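S.K.: Pasting a structure below so you can have a look.
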Amino acid sequence: MAVETLLIGLVLALLWAEITDVSPGGLIVPGYFALYLGQPLRVAATLAVALLTLAAYKVLVRRLILFGRRRFVLMVLVGAVLSQAWLLVSPGLFAAPAGLRVIGLIIPGILASSLARQKIGPTLASLASVSTLTFAVARLAALL
């Protein structure tokens, strides 16, 4: 079921980006979010790490020349490092951190890269829409 959800998310994200000209956080991100819609703490933790990655990028871009591939790789690397840091820090901050894990290592960085290219509001609204639609279509396909 997970592979089907990811493929449905990929197709819907591509269609959404082509029709609206707004990326829903990257092509693979909505599929992963759809997989974890039943675990809202994981979605929230991933969004938090993506926003922290975006903040780190905004600090680094003042000192470094970041565009294109450099920017994307930096955002994925920073997102992965912050994801790992989140795993180390969250048990000390929260009483029950089991649900506060980040979705994957590269998902926050891909999402942060999309947030840096577009405005935050339309990107997150598109991500929510495509993830929910992916979740619904995947559940409907499972019934058939």
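Order determines the names: the first chain of the structure tokens is A, the second B, and so forth; residues in each chain are numbered 1 upward, and ligands are numbered 1 upward as they are shown.
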Give me, as a tab-separated table, the closest atom pair and its distance (Å, one decimal) for every residue of segment 33-72 of chain A within a cut-off of 7 Å of segment 79-94 of chain A, counting only C-alpha atoms, rows sorted by chain and rising number.

M.R.:
```
residue	atom	partner	partner_atom	distance
A:Val49	CA	A:Leu82	CA	6.4
A:Ala50	CA	A:Gly79	CA	6.5
A:Thr53	CA	A:Gly79	CA	5.5
```

S.K.: Tell me which protein, DNA and RNA residues are within 7 Å of Ala112 of chain A, counting only C-alpha atoms, leaving out same-chain ones fewer than 3 positions away, and put them as a list in words.

M.R.: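 In the requested format, the answer is Ala50, Leu51, Thr53, Leu54, Met75, Pro108, Gly109, Leu115 and Ala116 of chain A.
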
S.K.: With N, CA and C atoms retained, export the selected residues as an mmCIF file, in the first residue's frame.

M.R.:
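again11.cif was written with the following content:
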```cif
data_model
loop_
_atom_site.group_PDB
_atom_site.id
_atom_site.type_symbol
_atom_site.label_atom_id
_atom_site.label_comp_id
_atom_site.auth_asym_id
_atom_site.auth_seq_id
_atom_site.Cartn_x
_atom_site.Cartn_y
_atom_site.Cartn_z
ATOM 1 N N ALA A 50 11.452 21.381 8.606
ATOM 2 C CA ALA A 50 11.538 22.075 7.308
ATOM 3 C C ALA A 50 11.621 23.585 7.516
ATOM 4 N N LEU A 51 10.839 24.116 8.448
ATOM 5 C CA LEU A 51 10.888 25.558 8.712
ATOM 6 C C LEU A 51 12.211 25.959 9.365
ATOM 7 N N THR A 53 15.014 24.425 8.770
ATOM 8 C CA THR A 53 15.950 24.352 7.641
ATOM 9 C C THR A 53 15.878 25.620 6.804
ATOM 10 N N LEU A 54 14.665 26.100 6.569
ATOM 11 C CA LEU A 54 14.483 27.348 5.816
ATOM 12 C C LEU A 54 15.132 28.517 6.561
ATOM 13 N N MET A 75 20.156 22.529 1.424
ATOM 14 C CA MET A 75 18.887 22.403 2.153
ATOM 15 C C MET A 75 18.619 20.948 2.523
ATOM 16 N N PRO A 108 12.268 16.845 4.848
ATOM 17 C CA PRO A 108 12.286 18.245 5.305
ATOM 18 C C PRO A 108 13.114 19.162 4.410
ATOM 19 N N GLY A 109 14.236 18.668 3.899
ATOM 20 C CA GLY A 109 15.075 19.483 3.025
ATOM 21 C C GLY A 109 14.417 19.777 1.694
ATOM 22 N N LEU A 115 9.856 25.706 -0.158
ATOM 23 C CA LEU A 115 9.422 26.882 0.600
ATOM 24 C C LEU A 115 10.306 28.090 0.293
ATOM 25 N N ALA A 116 11.581 27.865 0.024
ATOM 26 C CA ALA A 116 12.493 28.966 -0.296
ATOM 27 C C ALA A 116 12.211 29.539 -1.683
#
```

S.K.: Give me every alpha helix (DSSP H) residue in segment 6-135 of chain A, going by DSSP on the backbone, as number ranges by chain.

M.R.: A: 6-20, 29-35, 40-60, 68-93, 107-117, 120-135

S.K.: Which residue, A:Pro122, A:Val3, A:Glu18, A:Thr46, has the smallest gap to Phe33 of chain A when you use only C-alpha atoms?

M.R.: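 Closest residue, counting only C-alpha atoms: A:Thr46.
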
S.K.: Just checking: using only C-alpha atoms, which residue out of A:Arg101, A:Ala142, A:Ser113, A:Leu127 ends up closest to Lys58 of chain A?

M.R.: A:Ser113

S.K.: Between atom CA of Val22 of chain A and atom CA of Thr123 of chain A, what distance in Å does the model show, to one decimal?

M.R.: 6.7 Å

S.K.: Record the distance separating atom CA of Arg139 of chain A and atom CA of Pro24 of chain A, expressed in Å with one decimal.

M.R.: 20.2 Å

S.K.: Env of Ala125 of chain A: 12 Å cut, atoms = only C-alpha atoms, seq-sep filter 3 positions within chain, self excluded. Answer as a list in words.

M.R.: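 What passes the distance filter is Trp16, Thr20, Val22, Ser23, Pro24, Gly25, Pro30, Leu115, Gln118, Lys119, Ile120, Gly121, Pro122, Ala128, Ser129, Val130, Ser131 and Thr132 of chain A.
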
S.K.: Go ahead and write the selection's residues with C-alpha atoms as a short mmCIF file (atom, residue, chain, number, x, y, z; two decimals), in the first residue's frame.

M.R.:
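The resulting file, out.cif, is reproduced below:
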```cif
data_model
loop_
_atom_site.label_atom_id
_atom_site.label_comp_id
_atom_site.auth_asym_id
_atom_site.auth_seq_id
_atom_site.Cartn_x
_atom_site.Cartn_y
_atom_site.Cartn_z
CA TRP A 16 -1.12 19.91 -9.34
CA THR A 20 -1.66 25.56 -10.64
CA VAL A 22 2.56 25.96 -7.45
CA SER A 23 4.72 23.09 -6.24
CA PRO A 24 3.20 21.19 -3.30
CA GLY A 25 6.54 21.03 -1.50
CA PRO A 30 2.85 14.90 -0.63
CA LEU A 115 9.42 26.88 0.60
CA GLN A 118 7.85 29.95 -3.42
CA LYS A 119 5.85 31.70 -0.76
CA ILE A 120 5.20 29.69 2.39
CA GLY A 121 1.40 30.03 2.37
CA PRO A 122 0.69 28.71 -1.14
CA ALA A 128 -2.11 19.97 2.46
CA SER A 129 -4.43 19.70 -0.53
CA VAL A 130 -2.35 17.21 -2.51
CA SER A 131 -1.54 15.10 0.56
CA THR A 132 -5.20 14.87 1.53
#
```

S.K.: Restricting the calculation to only C-alpha atoms, which member of A:Val43, A:Leu144, A:Ile28, A:Leu35 is positioned closest to Ile110 of chain A?

M.R.: A:Ile28

S.K.: Tell me which of A:Arg117, A:Ile103, A:Gly26, A:Leu111 sits closest to Phe67 of chain A, counting only C-alpha atoms.

M.R.: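 Counting only C-alpha atoms, the residue closest to Phe67 of chain A is A:Arg117.
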
S.K.: Kindly give the distance, in Å, that separates atom CA of Arg63 of chain A and atom CA of Leu77 of chain A, rounded to a single decimal.

M.R.: 17.3 Å

S.K.: Could you list, as a ChimeraX atom specification, every residue within 8 Å of Leu74 of chain A, counting only C-alpha atoms and ignoring same-chain residues fewer than 4 positions away?

M.R.: /A:57,70,78
